[in-house]
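> Got a structure for you, protein.txt, holding compact mmCIF, C-alpha atoms and all ligand atoms.
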```txt
# COMPACT_ATOMS: atom_id res chain seq x y z
CA MET Y 26 -31.03 62.50 41.82
CA VAL Y 27 -29.91 59.12 40.47
CA SER Y 28 -28.11 59.41 37.12
CA GLU Y 29 -29.41 57.54 34.10
CA ALA Y 30 -26.24 55.45 33.93
CA ALA Y 31 -26.52 54.39 37.57
CA ARG Y 32 -30.22 53.59 37.20
CA ALA Y 33 -29.57 51.52 34.08
CA LEU Y 34 -26.82 49.56 35.86
CA HIS Y 35 -29.03 49.08 38.93
CA ASN Y 36 -32.03 47.89 36.91
CA ALA Y 37 -29.96 45.42 34.92
CA ALA Y 38 -28.13 44.11 38.01
CA LEU Y 39 -29.24 41.37 40.37
CA VAL Y 40 -30.05 43.13 43.66
CA ILE Y 41 -30.37 41.26 46.96
CA ASP Y 42 -31.07 42.66 50.45
CA SER Y 43 -30.14 40.32 53.33
CA HIS Y 44 -32.41 41.56 56.12
CA ASN Y 45 -35.82 43.06 56.75
CA ASP Y 46 -38.39 42.78 59.55
CA THR Y 47 -41.21 43.45 57.14
CA ILE Y 48 -43.32 40.36 57.92
CA VAL Y 49 -43.94 41.14 61.60
CA ASN Y 50 -44.48 44.85 61.01
CA HIS Y 51 -46.98 44.29 58.21
CA MET Y 52 -48.91 41.97 60.51
CA ARG Y 53 -48.92 44.56 63.28
CA ALA Y 54 -49.93 47.36 60.91
CA LYS Y 55 -52.62 45.10 59.40
CA LEU Y 56 -51.25 45.62 55.91
CA ASN Y 57 -50.76 43.06 53.20
CA LEU Y 58 -47.49 42.84 51.31
CA ASP Y 59 -49.10 44.29 48.19
CA GLY Y 60 -49.18 47.57 50.11
CA GLY Y 61 -52.92 47.55 50.90
CA PRO Y 62 -55.08 46.75 53.94
CA ALA Y 63 -55.00 43.24 55.43
CA ARG Y 64 -56.79 40.57 53.41
CA GLN Y 65 -57.92 38.97 56.63
CA ASP Y 66 -57.75 40.08 60.23
CA GLY Y 67 -57.47 36.87 62.22
CA ALA Y 68 -56.20 36.21 65.74
CA ALA Y 69 -52.49 36.29 64.96
CA ILE Y 70 -49.96 35.20 67.58
CA VAL Y 71 -47.41 37.73 66.34
CA THR Y 72 -49.69 40.67 67.01
CA ARG Y 73 -50.19 39.71 70.67
CA PHE Y 74 -46.62 40.66 71.44
CA GLY Y 75 -44.72 43.91 71.18
CA ARG Y 76 -45.66 47.38 70.14
CA GLY Y 77 -48.07 48.29 67.41
CA SER Y 78 -46.61 49.51 64.18
CA GLY Y 79 -47.19 52.69 62.21
CA ALA Y 80 -48.77 52.13 58.83
CA GLU Y 81 -45.82 53.73 57.00
CA LEU Y 82 -43.69 50.72 56.14
CA GLN Y 83 -40.42 50.75 54.25
CA LEU Y 84 -40.76 47.64 52.14
CA ASP Y 85 -43.51 45.69 50.40
CA PHE Y 86 -43.71 43.88 47.06
CA PRO Y 87 -44.49 46.98 44.92
CA LYS Y 88 -41.66 48.92 46.62
CA MET Y 89 -39.25 46.04 46.01
CA ARG Y 90 -40.07 46.19 42.36
CA GLN Y 91 -39.85 49.99 42.18
CA ALA Y 92 -36.48 49.94 43.98
CA GLY Y 93 -35.11 47.26 41.67
CA ILE Y 94 -34.65 44.74 44.50
CA ASN Y 95 -34.87 41.26 43.01
CA ALA Y 96 -34.58 39.23 46.21
CA ALA Y 97 -34.86 39.94 49.93
CA PHE Y 98 -34.42 37.96 53.13
CA PHE Y 99 -37.80 38.10 54.88
CA THR Y 100 -37.18 37.43 58.56
CA VAL Y 101 -39.45 36.60 61.45
CA ASP Y 102 -37.74 37.97 64.57
CA VAL Y 103 -39.17 35.83 67.39
CA THR Y 104 -37.39 37.65 70.24
CA ASN Y 105 -40.53 39.28 71.67
CA ALA Y 106 -42.58 36.08 71.75
CA LYS Y 107 -42.72 35.34 75.44
CA GLY Y 108 -42.72 31.54 75.71
CA THR Y 109 -44.36 30.94 72.32
CA HIS Y 110 -41.40 31.41 70.01
CA LEU Y 111 -42.05 28.39 67.82
CA GLN Y 112 -45.73 29.28 67.27
CA TYR Y 113 -44.76 32.89 66.66
CA ALA Y 114 -42.29 31.80 63.96
CA LEU Y 115 -44.96 29.66 62.28
CA ASP Y 116 -47.51 32.47 62.47
CA GLY Y 117 -45.13 34.91 60.78
CA LEU Y 118 -43.93 32.45 58.14
CA GLY Y 119 -47.49 31.35 57.44
CA PHE Y 120 -48.55 34.97 56.96
CA PHE Y 121 -45.78 35.42 54.42
CA LEU Y 122 -46.48 32.19 52.54
CA ARG Y 123 -50.17 33.16 52.34
CA GLU Y 124 -49.28 36.67 51.13
CA ALA Y 125 -46.97 35.19 48.50
CA ALA Y 126 -49.77 32.91 47.30
CA LEU Y 127 -52.40 35.70 47.17
CA SER Y 128 -50.21 38.53 45.93
CA SER Y 129 -50.75 40.19 42.60
CA GLU Y 130 -46.95 40.06 42.25
CA ASP Y 131 -45.29 36.76 41.38
CA ILE Y 132 -43.22 35.71 44.39
CA VAL Y 133 -40.78 32.82 44.37
CA ILE Y 134 -39.80 31.23 47.70
CA VAL Y 135 -36.08 30.55 47.35
CA ARG Y 136 -35.14 26.92 47.94
CA ARG Y 137 -31.97 26.93 45.84
CA ALA Y 138 -29.82 29.93 44.90
CA ALA Y 139 -30.66 29.34 41.23
CA ASP Y 140 -34.31 30.19 42.08
CA ILE Y 141 -33.14 33.81 42.45
CA THR Y 142 -31.60 34.02 38.99
CA SER Y 143 -34.51 32.26 37.31
CA ALA Y 144 -36.96 34.57 39.11
CA GLN Y 145 -35.00 37.54 37.79
CA LYS Y 146 -35.18 36.17 34.23
CA GLU Y 147 -38.93 35.63 34.56
CA ASP Y 148 -39.42 39.10 36.07
CA LYS Y 149 -40.57 37.68 39.43
CA LEU Y 150 -39.56 38.68 42.96
CA ALA Y 151 -37.67 36.22 45.16
CA ALA Y 152 -37.95 35.76 48.94
CA VAL Y 153 -35.39 34.04 51.15
CA LEU Y 154 -37.26 32.97 54.32
CA ALA Y 155 -35.42 33.56 57.59
CA ILE Y 156 -35.89 33.33 61.34
CA GLU Y 157 -34.13 35.78 63.64
CA ASN Y 158 -33.19 34.18 66.98
CA THR Y 159 -32.96 30.38 67.25
CA ASP Y 160 -35.28 30.53 70.29
CA GLY Y 161 -37.79 29.96 67.46
CA LEU Y 162 -36.68 26.30 67.67
CA ASP Y 163 -37.88 26.01 71.27
CA GLN Y 164 -34.71 24.23 72.43
CA SER Y 165 -34.86 21.44 69.86
CA ILE Y 166 -32.95 21.00 66.61
CA TYR Y 167 -35.83 19.05 65.01
CA PRO Y 168 -37.91 22.09 64.01
CA LEU Y 169 -34.97 22.97 61.72
CA SER Y 170 -35.96 20.12 59.37
CA ALA Y 171 -39.58 21.29 59.41
CA PHE Y 172 -38.60 24.92 58.78
CA TYR Y 173 -36.31 23.77 55.98
CA GLU Y 174 -39.29 22.07 54.29
CA LEU Y 175 -41.27 25.32 54.60
CA GLY Y 176 -38.47 27.08 52.73
CA VAL Y 177 -36.51 28.69 55.57
CA ARG Y 178 -32.87 28.94 54.48
CA THR Y 179 -31.24 31.09 57.17
CA LEU Y 180 -31.47 31.66 60.92
CA THR Y 181 -29.84 34.30 63.09
CA ILE Y 182 -28.31 32.51 66.12
CA THR Y 183 -29.57 35.07 68.63
CA HIS Y 184 -30.87 38.61 69.01
CA SER Y 185 -28.85 41.07 71.15
CA THR Y 186 -30.20 39.37 74.29
CA ARG Y 187 -29.57 35.88 75.75
CA SER Y 188 -30.95 32.90 73.84
CA TRP Y 189 -30.69 29.13 74.39
CA ALA Y 190 -27.95 29.08 71.73
CA ALA Y 191 -25.76 32.04 72.67
CA ASP Y 192 -25.54 35.48 74.23
CA GLY Y 193 -26.18 38.56 72.16
CA CYS Y 194 -23.93 41.61 72.08
CA GLU Y 195 -25.86 43.43 74.81
CA VAL Y 196 -25.55 40.73 77.50
CA GLU Y 197 -23.08 41.81 80.17
CA ASN Y 198 -20.19 39.33 80.55
CA GLY Y 199 -21.98 37.07 78.09
CA GLY Y 200 -20.76 33.64 77.06
CA GLY Y 201 -20.18 32.07 73.66
CA LEU Y 202 -22.12 29.35 71.84
CA THR Y 203 -23.84 26.93 74.23
CA ALA Y 204 -23.89 23.16 73.63
CA PHE Y 205 -27.35 23.68 72.09
CA GLY Y 206 -25.98 26.50 69.95
CA LYS Y 207 -23.27 24.21 68.62
CA SER Y 208 -25.80 21.51 67.77
CA VAL Y 209 -27.91 24.11 65.92
CA VAL Y 210 -24.91 25.20 63.83
CA THR Y 211 -23.99 21.58 63.05
CA GLU Y 212 -27.56 20.75 62.01
CA MET Y 213 -27.87 23.91 59.89
CA ASN Y 214 -24.62 22.92 58.15
CA ARG Y 215 -26.04 19.45 57.50
CA LEU Y 216 -29.30 20.80 56.07
CA GLY Y 217 -27.69 23.52 53.97
CA MET Y 218 -28.96 26.54 55.90
CA LEU Y 219 -27.04 29.79 56.15
CA VAL Y 220 -25.87 30.65 59.70
CA ASP Y 221 -26.31 34.35 60.55
CA VAL Y 222 -23.89 35.83 63.13
CA SER Y 223 -25.39 39.34 63.38
CA HIS Y 224 -26.31 40.27 67.00
CA LEU Y 225 -23.85 37.77 68.56
CA ASN Y 226 -21.31 39.01 71.08
CA ASP Y 227 -17.63 38.63 70.16
CA ARG Y 228 -17.24 35.25 71.87
CA GLY Y 229 -20.26 33.85 70.09
CA PHE Y 230 -19.03 35.24 66.77
CA TRP Y 231 -15.67 33.48 67.09
CA ASP Y 232 -17.22 30.25 68.39
CA THR Y 233 -19.64 30.15 65.45
CA LEU Y 234 -16.94 30.87 62.90
CA LYS Y 235 -14.86 28.06 64.35
CA HIS Y 236 -17.72 25.60 64.68
CA SER Y 237 -19.40 26.11 61.29
CA SER Y 238 -18.18 23.93 58.43
CA ALA Y 239 -19.75 26.34 55.92
CA PRO Y 240 -19.26 30.08 55.33
CA VAL Y 241 -21.42 32.27 57.61
CA ILE Y 242 -23.21 35.56 56.96
CA ALA Y 243 -23.67 38.70 59.05
CA THR Y 244 -26.99 39.75 57.49
CA HIS Y 245 -27.20 43.21 59.06
CA SER Y 246 -24.11 44.69 60.74
CA CYS Y 247 -21.69 47.59 60.18
CA CYS Y 248 -18.00 48.27 60.95
CA ARG Y 249 -16.89 48.85 64.55
CA ALA Y 250 -13.81 50.80 63.40
CA LEU Y 251 -16.17 53.52 62.13
CA CYS Y 252 -18.85 53.29 64.82
CA GLY Y 253 -18.08 51.67 68.16
CA HIS Y 254 -21.43 49.90 68.65
CA PRO Y 255 -21.08 46.25 69.82
CA ARG Y 256 -23.52 45.21 67.03
CA ASN Y 257 -20.79 46.09 64.55
CA LEU Y 258 -17.91 43.87 63.40
CA THR Y 259 -14.27 44.62 64.22
CA ASP Y 260 -11.69 44.72 61.41
CA GLU Y 261 -10.38 41.36 62.60
CA GLN Y 262 -13.88 39.87 62.44
CA LEU Y 263 -14.40 41.28 58.92
CA LYS Y 264 -11.11 39.72 57.79
CA GLU Y 265 -11.77 36.29 59.31
CA LEU Y 266 -15.43 36.20 58.20
CA ALA Y 267 -14.16 36.79 54.66
CA ALA Y 268 -11.29 34.29 54.99
CA ALA Y 269 -13.92 31.67 55.84
CA GLY Y 270 -15.90 32.61 52.72
CA GLY Y 271 -18.49 34.72 54.56
CA VAL Y 272 -20.36 37.89 53.64
CA VAL Y 273 -21.39 40.97 55.64
CA GLY Y 274 -24.55 42.89 54.72
CA LEU Y 275 -23.98 46.52 55.75
CA THR Y 276 -27.08 47.81 57.46
CA PHE Y 277 -29.07 51.05 57.43
CA VAL Y 278 -29.58 51.31 61.21
CA PRO Y 279 -28.59 54.89 62.12
CA GLU Y 280 -26.95 54.06 65.48
CA PHE Y 281 -24.71 51.45 63.84
CA VAL Y 282 -23.60 53.95 61.18
CA HIS Y 283 -22.70 56.92 63.38
CA ASP Y 284 -23.46 57.72 67.03
CA ALA Y 285 -24.11 61.43 66.35
CA THR Y 286 -24.60 62.19 62.66
CA PRO Y 287 -25.63 59.11 60.68
CA THR Y 288 -26.02 59.74 56.93
CA ILE Y 289 -26.31 57.72 53.73
CA ASP Y 290 -22.81 58.93 52.89
CA GLY Y 291 -21.68 57.50 56.24
CA LEU Y 292 -23.22 54.16 55.25
CA ILE Y 293 -21.18 54.28 52.04
CA ASP Y 294 -18.08 54.87 54.24
CA HIS Y 295 -18.92 51.60 56.06
CA ILE Y 296 -19.27 49.75 52.74
CA VAL Y 297 -15.92 51.10 51.50
CA HIS Y 298 -14.23 50.24 54.82
CA ALA Y 299 -15.65 46.72 54.79
CA ILE Y 300 -14.38 46.24 51.21
CA ASP Y 301 -10.95 47.42 52.36
CA LYS Y 302 -10.83 44.88 55.23
CA ALA Y 303 -12.87 41.93 53.95
CA GLY Y 304 -12.33 42.26 50.19
CA ILE Y 305 -14.74 43.07 47.38
CA ASP Y 306 -16.19 39.52 47.28
CA HIS Y 307 -17.46 39.62 50.87
CA VAL Y 308 -19.44 42.86 51.20
CA ALA Y 309 -23.16 43.35 50.53
CA LEU Y 310 -26.33 45.14 51.71
CA GLY Y 311 -28.66 44.21 54.60
CA SER Y 312 -31.08 47.10 55.09
CA ASP Y 313 -33.06 46.08 58.21
CA PHE Y 314 -36.11 47.82 56.69
CA ASP Y 315 -39.10 47.84 59.02
CA GLY Y 316 -36.82 46.78 61.87
CA GLY Y 317 -34.61 49.80 62.50
CA GLY Y 318 -33.07 50.55 59.10
CA THR Y 319 -34.41 54.09 59.18
CA LEU Y 320 -31.34 55.83 57.77
CA ALA Y 321 -33.35 55.98 54.54
CA GLU Y 322 -37.07 56.58 54.23
CA ASP Y 323 -37.74 53.36 52.38
CA ALA Y 324 -36.52 50.83 49.81
CA MET Y 325 -36.24 53.52 47.15
CA VAL Y 326 -32.77 54.33 48.49
CA PHE Y 327 -31.33 51.27 46.73
CA PRO Y 328 -30.66 52.89 43.30
CA GLN Y 329 -29.11 55.84 45.13
CA ILE Y 330 -26.62 53.49 46.83
CA THR Y 331 -25.61 52.17 43.41
CA GLU Y 332 -25.03 55.76 42.29
CA LEU Y 333 -22.98 56.64 45.38
CA LEU Y 334 -20.79 53.51 45.06
CA LEU Y 335 -20.02 54.44 41.44
CA GLN Y 336 -19.16 57.96 42.62
CA ARG Y 337 -16.68 56.46 45.09
CA GLY Y 338 -14.82 54.93 42.16
CA LEU Y 339 -16.03 51.33 42.34
CA SER Y 340 -16.16 49.66 38.94
CA GLU Y 341 -19.57 48.58 37.61
CA GLY Y 342 -18.54 44.96 38.21
CA ASP Y 343 -17.63 45.66 41.83
CA VAL Y 344 -20.88 47.56 42.44
CA CYS Y 345 -22.81 44.55 41.11
CA LYS Y 346 -20.99 42.31 43.59
CA VAL Y 347 -21.95 44.54 46.51
CA ILE Y 348 -25.60 45.06 45.55
CA GLY Y 349 -26.32 41.41 44.88
CA LEU Y 350 -23.79 38.98 43.46
CA ASN Y 351 -21.92 38.39 46.73
CA HIS Y 352 -25.16 37.33 48.43
CA LEU Y 353 -25.95 35.08 45.46
CA ARG Y 354 -22.50 33.50 45.71
CA ILE Y 355 -22.74 32.62 49.42
CA LEU Y 356 -26.28 31.32 48.93
CA SER Y 357 -25.15 29.03 46.08
CA GLN Y 358 -22.29 27.81 48.22
CA VAL Y 359 -24.36 27.10 51.34
CA ILE Y 360 -27.95 26.32 50.32
CA GLY Y 361 -26.99 24.87 46.95
ZN ZN Y 401 -31.74 42.29 63.93
```
As structure tokens, how would this structure be written, given the file I've shared?

Amino acid sequence: MVSEAARALHNAALVIDSHNDTIVNHMRAKLNLDGGPARQDGAAIVTRFGRGSGAELQLDFPKMRQAGINAAFFTVDVTNAKGTHLQYALDGLGFFLREAALSSEDIVIVRRAADITSAQKEDKLAAVLAIENTDGLDQSIYPLSAFYELGVRTLTITHSTRSWAADGCEVENGGGLTAFGKSVVTEMNRLGMLVDVSHLNDRGFWDTLKHSSAPVIATHSCCRALCGHPRNLTDEQLKELAAAGGVVGLTFVPEFVHDATPTIDGLIDHIVHAIDKAGIDHVALGSDFDGGGTLAEDAMVFPQITELLLQRGLSEGDVCKVIGLNHLRILSQVIG
């Protein structure tokens, strides 16, 4: 299904995926990130909240390797942690750090962008640690310094609901960044952490773009011109995100791709549209595996996307930008 030429390009390229919810779902499914049963079944905080998870997960370390994904943003979405968001974040991050230490795969926790390229050279996998929803800070900017020391390099300002920092895209008549939200952005800029605007409402998006002194990322969003969901970015937002040096990771969530007939080809339409509006240097991939990115069965869709982008007439160089180099560029610029 994937041509030899596309597979060769994909395997040689640096491939980075800017969003998955794999950590929390592996904990709920009691699976380790090597793809097997849990190494230990302790009293995890994460598993007290939210639904259970099916054992069929879209991403783990062996699947990353098989799909030719060199680096992925591993996020702990704290939204469901009723009143214990900070502990929940630590529980999830600790699970991942333990998995990385015990895994049969070599996993590098990314502290600098160059860690990704050296991991690739040494045939290791790289993980960018992330927190989704700054409620994980429990209304204080100080945990940011602690999370930074643990290796966290990006936080999503809010989920689609209301947070202490901002309102998400599903809050009716929602506001923009709060005073706390502004102080979070300022502190993330100071530390060298990448600010993620996915899930924000339009006011919050524009406030963040204006307030941030560094380029921002939308780790998992699509184009509103092609699918009218409020989680998606308007053409104007795509243009201004790019003008500020930002990157959008197009996501594999069916309802953000098409409201009736979402397909992989439709996802490619979003990528092509985003390139048209934001420019080739500002478009990338953010699957949302194990969090809603169910347009594809699992990570193995990545080589197929390379093939489909080549079929749409993108040059090999441009395909490499979309599947990894644009993420690498914004990471070098922001986290150093
Ligand atoms: Zn999300």
> Quick one: distance from CA of Ala114 in chain Y to CA of Thr72 in chain Y in Å, one decimal?
11.9 Å
> Show which residues sit within 8 Å of Gly270 in chain Y, as a ChimeraX atom specification. Count all atoms listed in the file, and ignore same-chain residues fewer than 5 positions away.
/Y:240-241,307,355
> Show me, as a tab-separated table, the residues of chain Y having an atom within 12 Å of ligand ZN 401 (chain Y), each with the closest atom pair and its distance in Å, using only C-alpha atoms and all ligand atoms.

```
residue	atom	partner	partner_atom	distance
Y:Ser43	CA	Y:ZN401	ZN	10.9
Y:His44	CA	Y:ZN401	ZN	7.9
Y:Asn45	CA	Y:ZN401	ZN	8.3
Y:Asp46	CA	Y:ZN401	ZN	8.0
Y:Thr47	CA	Y:ZN401	ZN	11.7
Y:Phe98	CA	Y:ZN401	ZN	11.9
Y:Phe99	CA	Y:ZN401	ZN	11.7
Y:Thr100	CA	Y:ZN401	ZN	9.1
Y:Val101	CA	Y:ZN401	ZN	9.9
Y:Asp102	CA	Y:ZN401	ZN	7.4
Y:Val103	CA	Y:ZN401	ZN	10.4
Y:Thr104	CA	Y:ZN401	ZN	9.7
Y:Ala155	CA	Y:ZN401	ZN	11.4
Y:Ile156	CA	Y:ZN401	ZN	10.2
Y:Glu157	CA	Y:ZN401	ZN	6.9
Y:Asn158	CA	Y:ZN401	ZN	8.8
Y:Leu180	CA	Y:ZN401	ZN	11.1
Y:Thr181	CA	Y:ZN401	ZN	8.3
Y:Ile182	CA	Y:ZN401	ZN	10.6
Y:Thr183	CA	Y:ZN401	ZN	8.9
Y:His184	CA	Y:ZN401	ZN	6.3
Y:Ser185	CA	Y:ZN401	ZN	7.9
Y:Thr186	CA	Y:ZN401	ZN	10.9
Y:Gly193	CA	Y:ZN401	ZN	10.6
Y:Cys194	CA	Y:ZN401	ZN	11.3
Y:Asp221	CA	Y:ZN401	ZN	10.2
Y:Val222	CA	Y:ZN401	ZN	10.2
Y:Ser223	CA	Y:ZN401	ZN	7.0
Y:His224	CA	Y:ZN401	ZN	6.6
Y:Leu225	CA	Y:ZN401	ZN	10.2
Y:Ala243	CA	Y:ZN401	ZN	10.1
Y:Thr244	CA	Y:ZN401	ZN	8.4
Y:His245	CA	Y:ZN401	ZN	6.7
Y:Ser246	CA	Y:ZN401	ZN	8.6
Y:Cys247	CA	Y:ZN401	ZN	12.0
Y:Arg256	CA	Y:ZN401	ZN	9.3
Y:Asn257	CA	Y:ZN401	ZN	11.6
Y:Gly274	CA	Y:ZN401	ZN	11.7
Y:Thr276	CA	Y:ZN401	ZN	9.7
Y:Phe277	CA	Y:ZN401	ZN	11.2
Y:Val278	CA	Y:ZN401	ZN	9.7
Y:Phe281	CA	Y:ZN401	ZN	11.5
Y:Gly311	CA	Y:ZN401	ZN	10.0
Y:Ser312	CA	Y:ZN401	ZN	10.1
Y:Asp313	CA	Y:ZN401	ZN	7.0
Y:Phe314	CA	Y:ZN401	ZN	10.1
Y:Asp315	CA	Y:ZN401	ZN	10.4
Y:Gly316	CA	Y:ZN401	ZN	7.1
Y:Gly317	CA	Y:ZN401	ZN	8.2
Y:Gly318	CA	Y:ZN401	ZN	9.7
```
> With only C-alpha atoms as the basis for distance, which of Y:Leu56, Y:Leu202, Y:Ala30, Y:Val220 is at the shortest distance from Leu335 in chain Y?
Y:Ala30
> Compile the contact shell of Leu162 in chain Y as a ChimeraX atom specification: residues with an atom at most 10 Å away, counting only C-alpha atoms, same-chain residues fewer than 6 positions apart removed.
/Y:103,110-112,114,156,168-169,172,189,209
> Quick test: take range 164-211 of chain Y, keep C-alpha atoms, and write it as a tab-separated table (two decimals), in the first residue's frame.

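Final output, saved to selection.tsv:
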```
chain	number	residue	atom	x	y	z
Y	164	GLN	CA	-3.25	28.02	40.24
Y	165	SER	CA	0.45	28.65	40.80
Y	166	ILE	CA	3.22	29.36	38.32
Y	167	TYR	CA	5.86	27.73	40.57
Y	168	PRO	CA	5.12	24.12	39.55
Y	169	LEU	CA	6.28	25.18	36.06
Y	170	SER	CA	9.90	25.28	37.30
Y	171	ALA	CA	9.47	21.85	38.90
Y	172	PHE	CA	7.87	20.39	35.77
Y	173	TYR	CA	10.65	21.91	33.68
Y	174	GLU	CA	13.22	20.05	35.80
Y	175	LEU	CA	11.29	16.81	35.22
Y	176	GLY	CA	11.61	17.40	31.48
Y	177	VAL	CA	8.22	18.90	30.62
Y	178	ARG	CA	8.69	21.22	27.64
Y	179	THR	CA	5.15	22.11	26.58
Y	180	LEU	CA	1.76	22.79	28.17
Y	181	THR	CA	-1.64	23.25	26.57
Y	182	ILE	CA	-3.23	26.37	28.13
Y	183	THR	CA	-6.65	24.76	28.57
Y	184	HIS	CA	-8.85	21.90	27.42
Y	185	SER	CA	-12.16	22.75	25.67
Y	186	THR	CA	-13.68	23.64	29.05
Y	187	ARG	CA	-12.95	26.52	31.47
Y	188	SER	CA	-9.59	26.52	33.25
Y	189	TRP	CA	-7.94	28.99	35.64
Y	190	ALA	CA	-5.93	30.30	32.67
Y	191	ALA	CA	-8.54	30.63	29.93
Y	192	ASP	CA	-11.79	29.37	28.44
Y	193	GLY	CA	-11.77	26.52	25.99
Y	194	CYS	CA	-13.60	26.53	22.66
Y	195	GLU	CA	-16.73	24.88	24.08
Y	196	VAL	CA	-17.44	27.45	26.81
Y	197	GLU	CA	-20.43	29.59	25.86
Y	198	ASN	CA	-19.56	33.31	25.72
Y	199	GLY	CA	-16.13	32.43	27.06
Y	200	GLY	CA	-13.44	34.96	27.89
Y	201	GLY	CA	-9.80	35.22	26.85
Y	202	LEU	CA	-6.62	34.67	28.87
Y	203	THR	CA	-7.08	35.44	32.57
Y	204	ALA	CA	-4.46	37.32	34.62
Y	205	PHE	CA	-3.23	33.88	35.75
Y	206	GLY	CA	-3.16	32.70	32.14
Y	207	LYS	CA	-0.98	35.65	31.19
Y	208	SER	CA	1.44	34.94	34.03
Y	209	VAL	CA	1.65	31.29	32.90
Y	210	VAL	CA	2.52	32.34	29.34
Y	211	THR	CA	5.14	34.83	30.59
```
